[in-house]
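Shown next: run-v4.cif, given as mmCIF, C-alpha atoms.
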data_input
loop_
_atom_site.label_atom_id
_atom_site.label_comp_id
_atom_site.auth_asym_id
_atom_site.auth_seq_id
_atom_site.Cartn_x
_atom_site.Cartn_y
_atom_site.Cartn_z
CA MET S 1065 -3.08 32.54 3.18
CA ASN S 1066 -5.78 31.41 0.76
CA THR S 1067 -8.54 29.66 2.72
CA THR S 1068 -8.57 26.92 0.07
CA PRO S 1069 -5.10 25.34 0.05
CA LEU S 1070 -3.62 24.03 -3.18
CA ILE S 1071 -2.42 20.80 -1.54
CA SER S 1072 -3.97 18.55 1.10
CA VAL S 1073 -1.44 16.32 2.87
CA ILE S 1074 -2.81 13.14 4.49
CA MET S 1075 -0.96 11.24 7.21
CA SER S 1076 -2.13 8.53 9.61
CA VAL S 1077 -0.32 8.27 12.94
CA TYR S 1078 -0.17 5.37 15.38
CA ASN S 1079 2.53 5.04 18.06
CA ALA S 1080 5.01 7.00 15.95
CA GLU S 1081 6.61 9.23 18.59
CA LYS S 1082 10.19 8.17 17.76
CA TYR S 1083 10.21 9.70 14.28
CA LEU S 1084 7.13 11.93 14.36
CA HIS S 1085 8.99 15.23 14.86
CA GLN S 1086 11.14 14.58 11.79
CA ALA S 1087 8.15 13.63 9.64
CA ILE S 1088 6.06 16.64 10.62
CA ASP S 1089 8.95 19.11 10.38
CA SER S 1090 9.75 17.88 6.87
CA ILE S 1091 6.20 18.83 5.83
CA LEU S 1092 5.87 22.12 7.70
CA GLN S 1093 9.24 23.26 6.31
CA GLN S 1094 8.32 22.64 2.66
CA SER S 1095 9.45 25.39 0.25
CA PHE S 1096 5.88 25.43 -1.11
CA PRO S 1097 3.75 26.55 1.88
CA ASP S 1098 0.17 26.54 0.54
CA PHE S 1099 -1.15 23.30 2.00
CA GLU S 1100 -3.30 21.84 4.75
CA PHE S 1101 -1.84 18.98 6.76
CA ILE S 1102 -4.58 16.51 7.72
CA ILE S 1103 -3.34 14.12 10.41
CA ILE S 1104 -5.45 11.27 11.74
CA GLU S 1105 -4.28 10.22 15.22
CA ASP S 1106 -5.29 6.58 15.44
CA GLY S 1107 -5.59 5.88 19.16
CA SER S 1108 -1.89 5.85 19.99
CA THR S 1109 -0.69 4.62 23.38
CA ASP S 1110 2.62 6.53 23.29
CA ARG S 1111 3.22 10.31 23.18
CA SER S 1112 2.10 10.73 19.56
CA ALA S 1113 -1.16 12.50 20.45
CA GLU S 1114 0.65 14.91 22.78
CA ILE S 1115 3.21 15.74 20.08
CA LEU S 1116 0.49 16.33 17.51
CA GLU S 1117 -1.47 18.60 19.86
CA MET S 1118 1.65 20.71 20.32
CA TYR S 1119 2.18 21.11 16.58
CA ALA S 1120 -1.52 21.85 15.97
CA LYS S 1121 -1.30 24.81 18.36
CA GLN S 1122 1.79 26.13 16.61
CA ASP S 1123 0.72 25.85 12.96
CA GLN S 1124 -2.85 26.43 11.74
CA ARG S 1125 -2.21 24.40 8.59
CA LEU S 1126 -2.30 21.25 10.69
CA LYS S 1127 -5.79 19.75 10.97
CA LEU S 1128 -5.84 17.07 13.67
CA ILE S 1129 -8.47 14.33 13.73
CA ARG S 1130 -8.39 12.10 16.81
CA LYS S 1131 -9.80 8.58 16.93
CA SER S 1132 -10.37 6.77 20.20
CA LYS S 1133 -9.83 3.21 19.02
CA ASN S 1134 -7.14 1.71 16.81
CA LYS S 1135 -8.43 -0.80 14.24
CA GLY S 1136 -5.10 -1.95 12.85
CA ALA S 1137 -4.53 -2.23 9.11
CA LYS S 1138 -8.22 -1.82 8.31
CA GLY S 1139 -8.28 1.36 10.38
CA PHE S 1140 -5.32 2.72 8.39
CA ILE S 1141 -7.35 2.48 5.17
CA GLU S 1142 -10.30 4.08 6.95
CA ASN S 1143 -8.02 6.93 8.01
CA LEU S 1144 -6.81 7.58 4.47
CA ASN S 1145 -10.39 7.81 3.21
CA LEU S 1146 -11.32 10.05 6.14
CA GLY S 1147 -8.50 12.35 5.11
CA LEU S 1148 -9.67 12.32 1.50
CA ASP S 1149 -13.20 13.18 2.62
CA GLN S 1150 -11.85 16.21 4.52
CA ALA S 1151 -9.38 17.36 1.87
CA LYS S 1152 -10.00 20.75 0.26
CA GLY S 1153 -6.90 20.96 -1.90
CA LYS S 1154 -6.59 20.62 -5.66
CA TYR S 1155 -3.92 17.98 -5.07
CA ILE S 1156 -3.55 15.18 -2.52
CA ALA S 1157 -0.11 14.35 -1.09
CA ARG S 1158 0.56 11.22 0.99
CA MET S 1159 2.95 11.09 3.90
CA ASP S 1160 3.88 8.46 6.49
CA ALA S 1161 4.74 9.22 10.10
CA ASP S 1162 8.28 7.80 10.04
CA ASP S 1163 9.52 9.19 6.71
CA ILE S 1164 11.14 12.50 5.74
CA SER S 1165 10.03 14.54 2.74
CA ASP S 1166 12.57 16.53 0.72
CA PRO S 1167 12.06 20.29 1.30
CA ASP S 1168 11.19 20.82 -2.38
CA ARG S 1169 8.98 17.76 -2.76
CA PHE S 1170 5.66 19.60 -2.96
CA GLN S 1171 7.02 22.30 -5.26
CA GLN S 1172 8.43 19.79 -7.72
CA GLN S 1173 5.39 17.51 -7.79
CA MET S 1174 2.91 20.38 -7.93
CA ASP S 1175 4.85 22.06 -10.76
CA PHE S 1176 4.85 18.79 -12.69
CA LEU S 1177 1.09 18.30 -12.35
CA GLU S 1178 0.44 21.93 -13.29
CA LYS S 1179 2.57 21.57 -16.43
CA HIS S 1180 1.12 18.16 -17.36
CA PRO S 1181 -2.70 18.42 -16.94
CA SER S 1182 -3.22 14.99 -18.52
CA VAL S 1183 -1.27 13.27 -15.69
CA PHE S 1184 -3.46 12.21 -12.76
CA ILE S 1185 -0.81 10.97 -10.31
CA VAL S 1186 2.91 11.57 -9.87
CA GLY S 1187 5.32 9.74 -7.60
CA ALA S 1188 9.09 9.95 -7.19
CA ALA S 1189 12.20 7.97 -6.45
CA MET S 1190 13.16 7.51 -2.79
CA ASN S 1191 16.24 7.04 -0.65
CA GLY S 1192 15.87 4.16 1.79
CA ILE S 1193 17.21 4.95 5.27
CA ASP S 1194 17.57 2.87 8.42
CA GLU S 1195 16.28 3.48 11.94
CA ASN S 1196 19.12 5.96 12.56
CA GLY S 1197 18.51 7.88 9.34
CA ASP S 1198 21.56 6.45 7.57
CA PHE S 1199 21.34 5.79 3.83
CA ILE S 1200 20.66 2.17 2.82
CA LYS S 1201 19.77 2.21 -0.87
CA PHE S 1202 18.37 4.25 -3.73
CA LEU S 1203 14.89 3.19 -4.80
CA GLN S 1204 14.60 4.08 -8.47
CA VAL S 1205 11.43 4.36 -10.53
CA HIS S 1206 10.08 4.19 -14.07
CA THR S 1207 9.13 7.71 -15.07
CA ASP S 1208 6.70 7.48 -18.01
CA ASP S 1209 3.11 6.26 -18.09
CA HIS S 1210 3.76 3.33 -20.43
CA SER S 1211 6.67 1.93 -18.40
CA ILE S 1212 4.89 2.39 -15.07
CA LYS S 1213 1.79 0.52 -16.24
CA LYS S 1214 3.81 -2.16 -18.02
CA ASN S 1215 5.67 -2.95 -14.79
CA MET S 1216 2.76 -2.44 -12.37
CA LEU S 1217 1.40 -5.95 -12.79
CA ARG S 1218 4.78 -7.40 -11.81
CA ASN S 1219 5.86 -4.94 -9.14
CA ILE S 1220 4.38 -1.85 -7.59
CA ALA S 1221 5.63 1.06 -9.68
CA LEU S 1222 4.49 4.03 -7.57
CA PHE S 1223 5.79 4.41 -4.02
CA HIS S 1224 2.79 5.20 -1.82
CA PRO S 1225 4.44 7.52 0.78
CA VAL S 1226 5.58 9.95 -1.92
CA ILE S 1227 2.63 10.17 -4.31
CA MET S 1228 0.66 13.29 -5.22
CA PHE S 1229 -2.54 13.07 -7.23
CA ARG S 1230 -5.49 15.18 -8.29
CA ASN S 1231 -8.32 15.44 -5.78
CA SER S 1232 -11.28 13.46 -7.07
CA ASP S 1233 -13.91 10.99 -5.90
CA ILE S 1234 -11.45 8.07 -5.93
CA ARG S 1235 -11.08 6.24 -2.61
CA TYR S 1236 -9.18 3.29 -1.16
CA ARG S 1237 -11.13 0.04 -0.84
CA ASP S 1238 -11.35 -0.91 2.82
CA LYS S 1239 -11.14 -4.67 2.33
CA MET S 1240 -7.80 -4.50 0.46
CA ILE S 1241 -5.76 -4.76 3.64
CA SER S 1242 -1.97 -4.39 3.24
CA CYS S 1243 -2.23 -3.57 -0.47
CA GLU S 1244 -4.73 -0.71 -0.55
CA ASP S 1245 -2.27 1.39 -2.57
CA TYR S 1246 -1.67 -1.32 -5.18
CA ASP S 1247 -5.39 -1.89 -5.61
CA LEU S 1248 -5.85 1.89 -6.00
CA TYR S 1249 -3.25 2.06 -8.77
CA LEU S 1250 -4.74 -0.89 -10.65
CA ARG S 1251 -8.16 0.77 -10.56
CA MET S 1252 -6.60 4.00 -11.81
CA MET S 1253 -5.16 2.00 -14.70
CA LEU S 1254 -8.61 0.60 -15.50
CA GLU S 1255 -9.86 4.20 -15.63
CA ASN S 1256 -6.99 5.10 -18.01
CA LYS S 1257 -5.59 7.67 -15.60
CA LYS S 1258 -2.13 8.78 -16.68
CA MET S 1259 0.78 8.13 -14.29
CA ALA S 1260 4.29 9.54 -13.89
CA ASN S 1261 7.26 9.47 -11.55
CA LEU S 1262 10.02 12.01 -10.97
CA SER S 1263 13.47 10.45 -11.09
CA THR S 1264 14.72 12.70 -8.29
CA PRO S 1265 14.44 11.14 -4.80
CA LEU S 1266 11.91 13.27 -2.92
CA LEU S 1267 11.50 11.16 0.21
CA LYS S 1268 13.68 9.44 2.77
CA TYR S 1269 11.84 6.16 3.27
CA ARG S 1270 12.54 4.56 6.63
CA ILE S 1271 13.09 0.80 6.47
CA LEU S 1272 12.52 -0.47 10.00
CA GLN S 1273 13.90 -3.78 11.24
CA ASN S 1274 10.52 -4.95 12.56
CA SER S 1275 8.98 -4.41 9.10
CA LEU S 1276 11.65 -6.67 7.59
CA SER S 1277 11.13 -9.49 10.08
CA ARG S 1278 7.34 -9.94 9.95
CA LYS S 1279 7.55 -13.19 7.99
CA ASP S 1280 4.22 -14.42 9.29
CA LYS S 1281 2.43 -11.57 7.53
CA THR S 1282 4.41 -11.66 4.30
CA PHE S 1283 2.49 -14.51 2.72
CA ILE S 1284 -0.85 -12.94 3.64
CA ARG S 1285 0.27 -9.70 1.98
CA TRP S 1286 1.29 -11.59 -1.17
CA MET S 1287 -2.13 -13.21 -1.23
CA MET S 1288 -3.77 -9.80 -1.01
CA VAL S 1289 -1.57 -8.57 -3.86
CA GLU S 1290 -2.60 -11.56 -5.96
CA LYS S 1291 -6.25 -10.84 -5.11
CA ALA S 1292 -5.83 -7.24 -6.30
CA ARG S 1293 -4.39 -8.56 -9.56
CA PHE S 1294 -7.30 -11.00 -9.84
CA PHE S 1295 -9.82 -8.16 -9.43
CA TYR S 1296 -7.95 -6.11 -12.03
CA ALA S 1297 -7.99 -8.94 -14.59
CA GLU S 1298 -11.61 -9.74 -13.77
CA LYS S 1299 -12.80 -6.17 -14.30
CA ARG S 1300 -10.69 -5.70 -17.40
CA LYS S 1301 -12.27 -8.81 -18.93
CA THR S 1302 -15.90 -8.48 -17.81
CA GLY S 1303 -16.33 -4.82 -16.84
CA SER S 1304 -16.83 -5.61 -13.13
CA ASP S 1305 -15.13 -7.49 -10.33
CA SER S 1306 -16.23 -9.60 -7.38
CA TYR S 1307 -14.85 -7.27 -4.69
CA HIS S 1308 -18.21 -6.86 -2.95
CA ASP S 1309 -18.42 -10.64 -2.42
CA PHE S 1310 -14.88 -10.79 -1.06
CA ASN S 1311 -14.34 -11.47 2.64
CA PRO S 1312 -10.78 -10.50 3.68
CA ASP S 1313 -11.04 -12.77 6.73
CA ASP S 1314 -10.81 -15.71 4.33
CA ILE S 1315 -7.28 -14.61 3.41
CA GLN S 1316 -6.27 -13.36 6.85
CA ASN S 1317 -7.08 -16.83 8.26
CA ILE S 1318 -5.85 -18.93 5.35
CA LEU S 1319 -3.07 -20.44 7.49
CA THR S 1320 -5.30 -21.05 10.53
CA PRO S 1321 -5.98 -24.83 10.66
CA GLU S 1322 -9.38 -24.62 12.33
CA TYR S 1323 -10.72 -21.92 9.98
CA LYS S 1324 -12.66 -23.58 7.17
CA ASN S 1325 -12.00 -21.75 3.91
CA ARG S 1326 -13.79 -22.37 0.66
CA ILE S 1327 -11.92 -24.77 -1.59
CA GLU S 1328 -11.55 -21.97 -4.15
CA ASP S 1329 -9.66 -19.86 -1.60
CA LEU S 1330 -7.38 -22.75 -0.63
CA VAL S 1331 -6.53 -23.49 -4.26
CA PHE S 1332 -5.84 -19.76 -4.78
CA ALA S 1333 -3.57 -19.84 -1.73
CA ALA S 1334 -1.75 -22.94 -2.97
CA LYS S 1335 -1.06 -21.26 -6.31
CA THR S 1336 0.20 -18.15 -4.53
CA ALA S 1337 2.48 -20.22 -2.29
CA ILE S 1338 3.98 -21.97 -5.32
CA LYS S 1339 4.42 -18.70 -7.21
CA PHE S 1340 6.32 -17.11 -4.32
CA GLU S 1341 8.13 -20.35 -3.37
CA GLN S 1342 6.61 -20.54 0.11
CA LYS S 1343 6.85 -24.26 0.88
CA GLU S 1344 6.01 -24.05 4.56
CA GLU S 1345 2.79 -22.18 3.78
CA LEU S 1346 2.02 -24.55 0.90
CA SER S 1347 2.34 -27.53 3.23
CA THR S 1348 -0.06 -25.91 5.72
CA ILE S 1349 -2.57 -25.17 2.96
CA LEU S 1350 -2.42 -28.73 1.61
CA ASP S 1351 -3.02 -30.04 5.13
CA LYS S 1352 -6.13 -27.86 5.33
CA ILE S 1353 -7.38 -29.15 1.98
CA ARG S 1354 -6.93 -32.74 3.12
CA GLN S 1355 -8.65 -31.98 6.41
CA HIS S 1356 -11.69 -30.14 5.05
CA TYR S 1357 -11.90 -31.46 1.47
CA PRO S 1358 -10.46 -35.00 1.49
CA GLU S 1359 -11.95 -35.72 -1.95
CA LYS S 1360 -9.81 -32.99 -3.57
CA ASN S 1361 -6.80 -34.28 -5.54
CA THR S 1362 -3.74 -32.26 -4.51
CA THR S 1363 -1.03 -34.23 -6.35
CA LYS S 1364 -0.01 -31.38 -8.66
CA TYR S 1365 0.49 -29.10 -5.66
CA GLN S 1366 2.34 -31.73 -3.64
CA ILE S 1367 4.87 -32.10 -6.45
CA ALA S 1368 5.85 -28.46 -5.92
CA LEU S 1369 7.00 -29.32 -2.38
CA GLN S 1370 9.77 -31.44 -3.88
CA LEU S 1371 11.02 -28.74 -6.26
CA SER S 1372 13.10 -25.60 -5.79
CA GLY S 1373 14.78 -22.74 -7.64
CA ILE S 1374 14.46 -22.53 -11.41
CA VAL S 1375 12.72 -25.90 -11.62
CA LEU S 1376 9.98 -24.69 -9.28
CA LYS S 1377 9.58 -21.47 -11.27
CA LEU S 1378 9.23 -23.44 -14.51
CA TYR S 1379 6.76 -25.83 -12.89
CA SER S 1380 4.74 -22.87 -11.64
CA LYS S 1381 4.50 -21.44 -15.15
CA ILE S 1382 3.46 -24.81 -16.59
CA LEU S 1383 0.95 -25.38 -13.81
CA PHE S 1384 -0.74 -22.00 -14.03
#
Could you render the structure from this file as structure tokens?
Amino acid sequence: MNTTPLISVIMSVYNAEKYLHQAIDSILQQSFPDFEFIIIEDGSTDRSAEILEMYAKQDQRLKLIRKSKNKGAKGFIENLNLGLDQAKGKYIARMDADDISDPDRFQQQMDFLEKHPSVFIVGAAMNGIDENGDFIKFLQVHTDDHSIKKNMLRNIALFHPVIMFRNSDIRYRDKMISCEDYDLYLRMMLENKKMANLSTPLLKYRILQNSLSRKDKTFIRWMMVEKARFFYAEKRKTGSDSYHDFNPDDIQNILTPEYKNRIEDLVFAAKTAIKFEQKEELSTILDKIRQHYPEKNTTKYQIALQLSGIVLKLYSKILF
């Protein structure tokens, strides 16, 4: 095999023993074999490390990096960048430890990028599956650059676990916790990098019950998404953004009563809560404003607590 693989596959693993065999096998059994499989083992407490060691002994394409301490979501971003730093391939393919790649995924995406040299990144449609591997729903995609970018500011238009892109100096930003992929795409857009999706589902994307029920983290993730959009608009308008001045702890603790946020962050959070119709979170944020900034007039935000449905959506548009 060529010592320089055409594709570098990057996967971060943490406590993934239940589905890890299926994920790894789906990569090692790809119809296109010229790849390196960079796996970052992130301090798992289950049998993940043992499973990975076994595979590493069996297949030399697997490059295992072991970390002693898990750092949570921030560590996940660190792992992706570590993989990018190690990658030797012409193309980078993402993979998650509980999903299943179609056997022809690499061949189809690599062929597309070879035939379309102006395209920087290509994704694909996915089939959502449950914890038992049973089909839930088809996740369709926009396929052309214009449609992808037009929809990106409303909804993410490239599915992260199934992307392949050209190896370059681009990296994930470590402070964009829970939306590192979205922030990456928006920065690609600012650099005028061409995007595409294949309409064929090339990944079985596992939708786990615990990922559906983490309501306490949903609002924080929406705030991070809104912050990514803010940085995008800021850089598009001025040529730079305020990312380096951004402290993610200010968002991670926005609902913590004793944590004193800047008034700008609380207003940003209130707007986000209204936009996504999160009244419980809005009430908590208004309480924090009254506690820490009693001089601030919050009437226009309090009105939103009394509204719902279409009326709230209309009020949100008028307000912002």
Spatial neighbours of segment 1230-1243 of chain S, 8 Å, all atoms listed in the file, chain gap at least 3 places, as a ChimeraX atom specification:
/S:1137-1138,1141-1142,1144-1145,1148,1151,1153-1156,1184-1185,1246-1248,1285,1288-1289,1292,1310-1312
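Those residues that approach segment 1211-1228 of chain S to within 7 Å, counting only C-alpha atoms, are S:Tyr1155, S:Ile1156, S:Ala1157, S:Arg1158, S:Met1159, S:Asp1160, S:Gln1173, S:Ile1185, S:Val1186, S:Gly1187, S:Ala1188, S:Val1205, S:His1206, S:Asp1245, S:Tyr1246, S:Leu1267; same-chain residues fewer than 5 positions away are not listed.
Computed from the coordinates, the atom CA of Val1077 of chain S to atom CA of Asn1317 of chain S distance equals 26.4 Å.
Minimum distance to Thr1207 of chain S across S:Lys1135, S:Lys1258, S:Ser1380, S:Glu1195 (counting only C-alpha atoms) occurs at S:Lys1258.
Residue nearest Gly1303 of chain S within the list S:Lys1152, S:Lys1121, S:Arg1251, S:Lys1201: S:Arg1251 [criterion: smallest interatomic distance, all atoms listed in the file].
Ranking S:Gln1273, S:Leu1254, S:Gln1122, S:Asn1143 by their shortest atom-to-atom distance to Ile1193 of chain S, with only C-alpha atoms included, puts S:Gln1273 first.
Those residues returned by the PyMOL selection byres ((chain S and resi 1314) around 10) for this file are Phe1310, Asn1311, Pro1312, Asp1313, Ile1315, Gln1316, Asn1317, Ile1318, Leu1319, Thr1320, Tyr1323, Lys1324, Asn1325, Arg1326, Asp1329 and Leu1330 of chain S.
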Taking the partial coordinates given, rebuild segment 1336-1357 of chain S to contain N, CA, C and O atoms; return it as a PDB file, keeping the file's coordinate frame.
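Done, and the output landed in out-v7.pdb:
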ATOM      1  N   THR S1336      -0.617 -19.282  -4.986  1.00  0.00           N
ATOM      2  CA  THR S1336       0.200 -18.150  -4.530  1.00  0.00           C
ATOM      3  C   THR S1336       1.463 -18.645  -3.831  1.00  0.00           C
ATOM      4  O   THR S1336       2.558 -18.111  -4.046  1.00  0.00           O
ATOM      5  N   ALA S1337       1.328 -19.666  -3.001  1.00  0.00           N
ATOM      6  CA  ALA S1337       2.480 -20.220  -2.290  1.00  0.00           C
ATOM      7  C   ALA S1337       3.523 -20.766  -3.259  1.00  0.00           C
ATOM      8  O   ALA S1337       4.730 -20.588  -3.068  1.00  0.00           O
ATOM      9  N   ILE S1338       3.058 -21.436  -4.315  1.00  0.00           N
ATOM     10  CA  ILE S1338       3.980 -21.970  -5.320  1.00  0.00           C
ATOM     11  C   ILE S1338       4.650 -20.832  -6.083  1.00  0.00           C
ATOM     12  O   ILE S1338       5.866 -20.844  -6.309  1.00  0.00           O
ATOM     13  N   LYS S1339       3.883 -19.838  -6.460  1.00  0.00           N
ATOM     14  CA  LYS S1339       4.420 -18.700  -7.210  1.00  0.00           C
ATOM     15  C   LYS S1339       5.531 -18.000  -6.450  1.00  0.00           C
ATOM     16  O   LYS S1339       6.550 -17.608  -7.017  1.00  0.00           O
ATOM     17  N   PHE S1340       5.347 -17.836  -5.138  1.00  0.00           N
ATOM     18  CA  PHE S1340       6.320 -17.110  -4.320  1.00  0.00           C
ATOM     19  C   PHE S1340       7.258 -18.050  -3.550  1.00  0.00           C
ATOM     20  O   PHE S1340       7.966 -17.625  -2.646  1.00  0.00           O
ATOM     21  N   GLU S1341       7.216 -19.346  -3.922  1.00  0.00           N
ATOM     22  CA  GLU S1341       8.130 -20.350  -3.370  1.00  0.00           C
ATOM     23  C   GLU S1341       8.055 -20.440  -1.846  1.00  0.00           C
ATOM     24  O   GLU S1341       9.072 -20.505  -1.149  1.00  0.00           O
ATOM     25  N   GLN S1342       6.835 -20.459  -1.335  1.00  0.00           N
ATOM     26  CA  GLN S1342       6.610 -20.540   0.110  1.00  0.00           C
ATOM     27  C   GLN S1342       6.177 -21.967   0.476  1.00  0.00           C
ATOM     28  O   GLN S1342       4.986 -22.271   0.599  1.00  0.00           O
ATOM     29  N   LYS S1343       7.147 -22.846   0.666  1.00  0.00           N
ATOM     30  CA  LYS S1343       6.850 -24.260   0.880  1.00  0.00           C
ATOM     31  C   LYS S1343       6.192 -24.543   2.222  1.00  0.00           C
ATOM     32  O   LYS S1343       5.329 -25.415   2.334  1.00  0.00           O
ATOM     33  N   GLU S1344       6.605 -23.842   3.240  1.00  0.00           N
ATOM     34  CA  GLU S1344       6.010 -24.050   4.560  1.00  0.00           C
ATOM     35  C   GLU S1344       4.514 -23.716   4.521  1.00  0.00           C
ATOM     36  O   GLU S1344       3.680 -24.464   5.039  1.00  0.00           O
ATOM     37  N   GLU S1345       4.192 -22.589   3.902  1.00  0.00           N
ATOM     38  CA  GLU S1345       2.790 -22.180   3.780  1.00  0.00           C
ATOM     39  C   GLU S1345       2.023 -23.137   2.878  1.00  0.00           C
ATOM     40  O   GLU S1345       0.869 -23.486   3.157  1.00  0.00           O
ATOM     41  N   LEU S1346       2.669 -23.600   1.797  1.00  0.00           N
ATOM     42  CA  LEU S1346       2.020 -24.550   0.900  1.00  0.00           C
ATOM     43  C   LEU S1346       1.672 -25.843   1.635  1.00  0.00           C
ATOM     44  O   LEU S1346       0.582 -26.391   1.471  1.00  0.00           O
ATOM     45  N   SER S1347       2.587 -26.315   2.460  1.00  0.00           N
ATOM     46  CA  SER S1347       2.340 -27.530   3.230  1.00  0.00           C
ATOM     47  C   SER S1347       1.145 -27.355   4.168  1.00  0.00           C
ATOM     48  O   SER S1347       0.294 -28.243   4.283  1.00  0.00           O
ATOM     49  N   THR S1348       1.063 -26.195   4.831  1.00  0.00           N
ATOM     50  CA  THR S1348      -0.060 -25.910   5.720  1.00  0.00           C
ATOM     51  C   THR S1348      -1.381 -25.889   4.958  1.00  0.00           C
ATOM     52  O   THR S1348      -2.400 -26.435   5.414  1.00  0.00           O
ATOM     53  N   ILE S1349      -1.361 -25.280   3.786  1.00  0.00           N
ATOM     54  CA  ILE S1349      -2.570 -25.170   2.960  1.00  0.00           C
ATOM     55  C   ILE S1349      -3.020 -26.549   2.481  1.00  0.00           C
ATOM     56  O   ILE S1349      -4.216 -26.876   2.512  1.00  0.00           O
ATOM     57  N   LEU S1350      -2.069 -27.379   2.065  1.00  0.00           N
ATOM     58  CA  LEU S1350      -2.420 -28.730   1.610  1.00  0.00           C
ATOM     59  C   LEU S1350      -2.991 -29.565   2.759  1.00  0.00           C
ATOM     60  O   LEU S1350      -3.902 -30.371   2.558  1.00  0.00           O
ATOM     61  N   ASP S1351      -2.468 -29.350   3.961  1.00  0.00           N
ATOM     62  CA  ASP S1351      -3.020 -30.040   5.130  1.00  0.00           C
ATOM     63  C   ASP S1351      -4.476 -29.630   5.351  1.00  0.00           C
ATOM     64  O   ASP S1351      -5.328 -30.467   5.688  1.00  0.00           O
ATOM     65  N   LYS S1352      -4.764 -28.344   5.150  1.00  0.00           N
ATOM     66  CA  LYS S1352      -6.130 -27.860   5.330  1.00  0.00           C
ATOM     67  C   LYS S1352      -7.067 -28.455   4.269  1.00  0.00           C
ATOM     68  O   LYS S1352      -8.213 -28.802   4.570  1.00  0.00           O
ATOM     69  N   ILE S1353      -6.567 -28.553   3.050  1.00  0.00           N
ATOM     70  CA  ILE S1353      -7.380 -29.150   1.980  1.00  0.00           C
ATOM     71  C   ILE S1353      -7.709 -30.599   2.316  1.00  0.00           C
ATOM     72  O   ILE S1353      -8.856 -31.042   2.193  1.00  0.00           O
ATOM     73  N   ARG S1354      -6.702 -31.336   2.770  1.00  0.00           N
ATOM     74  CA  ARG S1354      -6.930 -32.740   3.120  1.00  0.00           C
ATOM     75  C   ARG S1354      -7.879 -32.878   4.309  1.00  0.00           C
ATOM     76  O   ARG S1354      -8.681 -33.818   4.387  1.00  0.00           O
ATOM     77  N   GLN S1355      -7.801 -31.938   5.231  1.00  0.00           N
ATOM     78  CA  GLN S1355      -8.650 -31.980   6.410  1.00  0.00           C
ATOM     79  C   GLN S1355     -10.115 -31.673   6.082  1.00  0.00           C
ATOM     80  O   GLN S1355     -11.029 -32.379   6.527  1.00  0.00           O
ATOM     81  N   HIS S1356     -10.326 -30.603   5.303  1.00  0.00           N
ATOM     82  CA  HIS S1356     -11.690 -30.140   5.050  1.00  0.00           C
ATOM     83  C   HIS S1356     -12.288 -30.644   3.729  1.00  0.00           C
ATOM     84  O   HIS S1356     -13.510 -30.708   3.606  1.00  0.00           O
ATOM     85  N   TYR S1357     -11.418 -30.996   2.779  1.00  0.00           N
ATOM     86  CA  TYR S1357     -11.900 -31.460   1.470  1.00  0.00           C
ATOM     87  C   TYR S1357     -11.105 -32.691   1.038  1.00  0.00           C
ATOM     88  O   TYR S1357     -10.317 -32.643   0.086  1.00  0.00           O
TER      89      TYR S1357
END
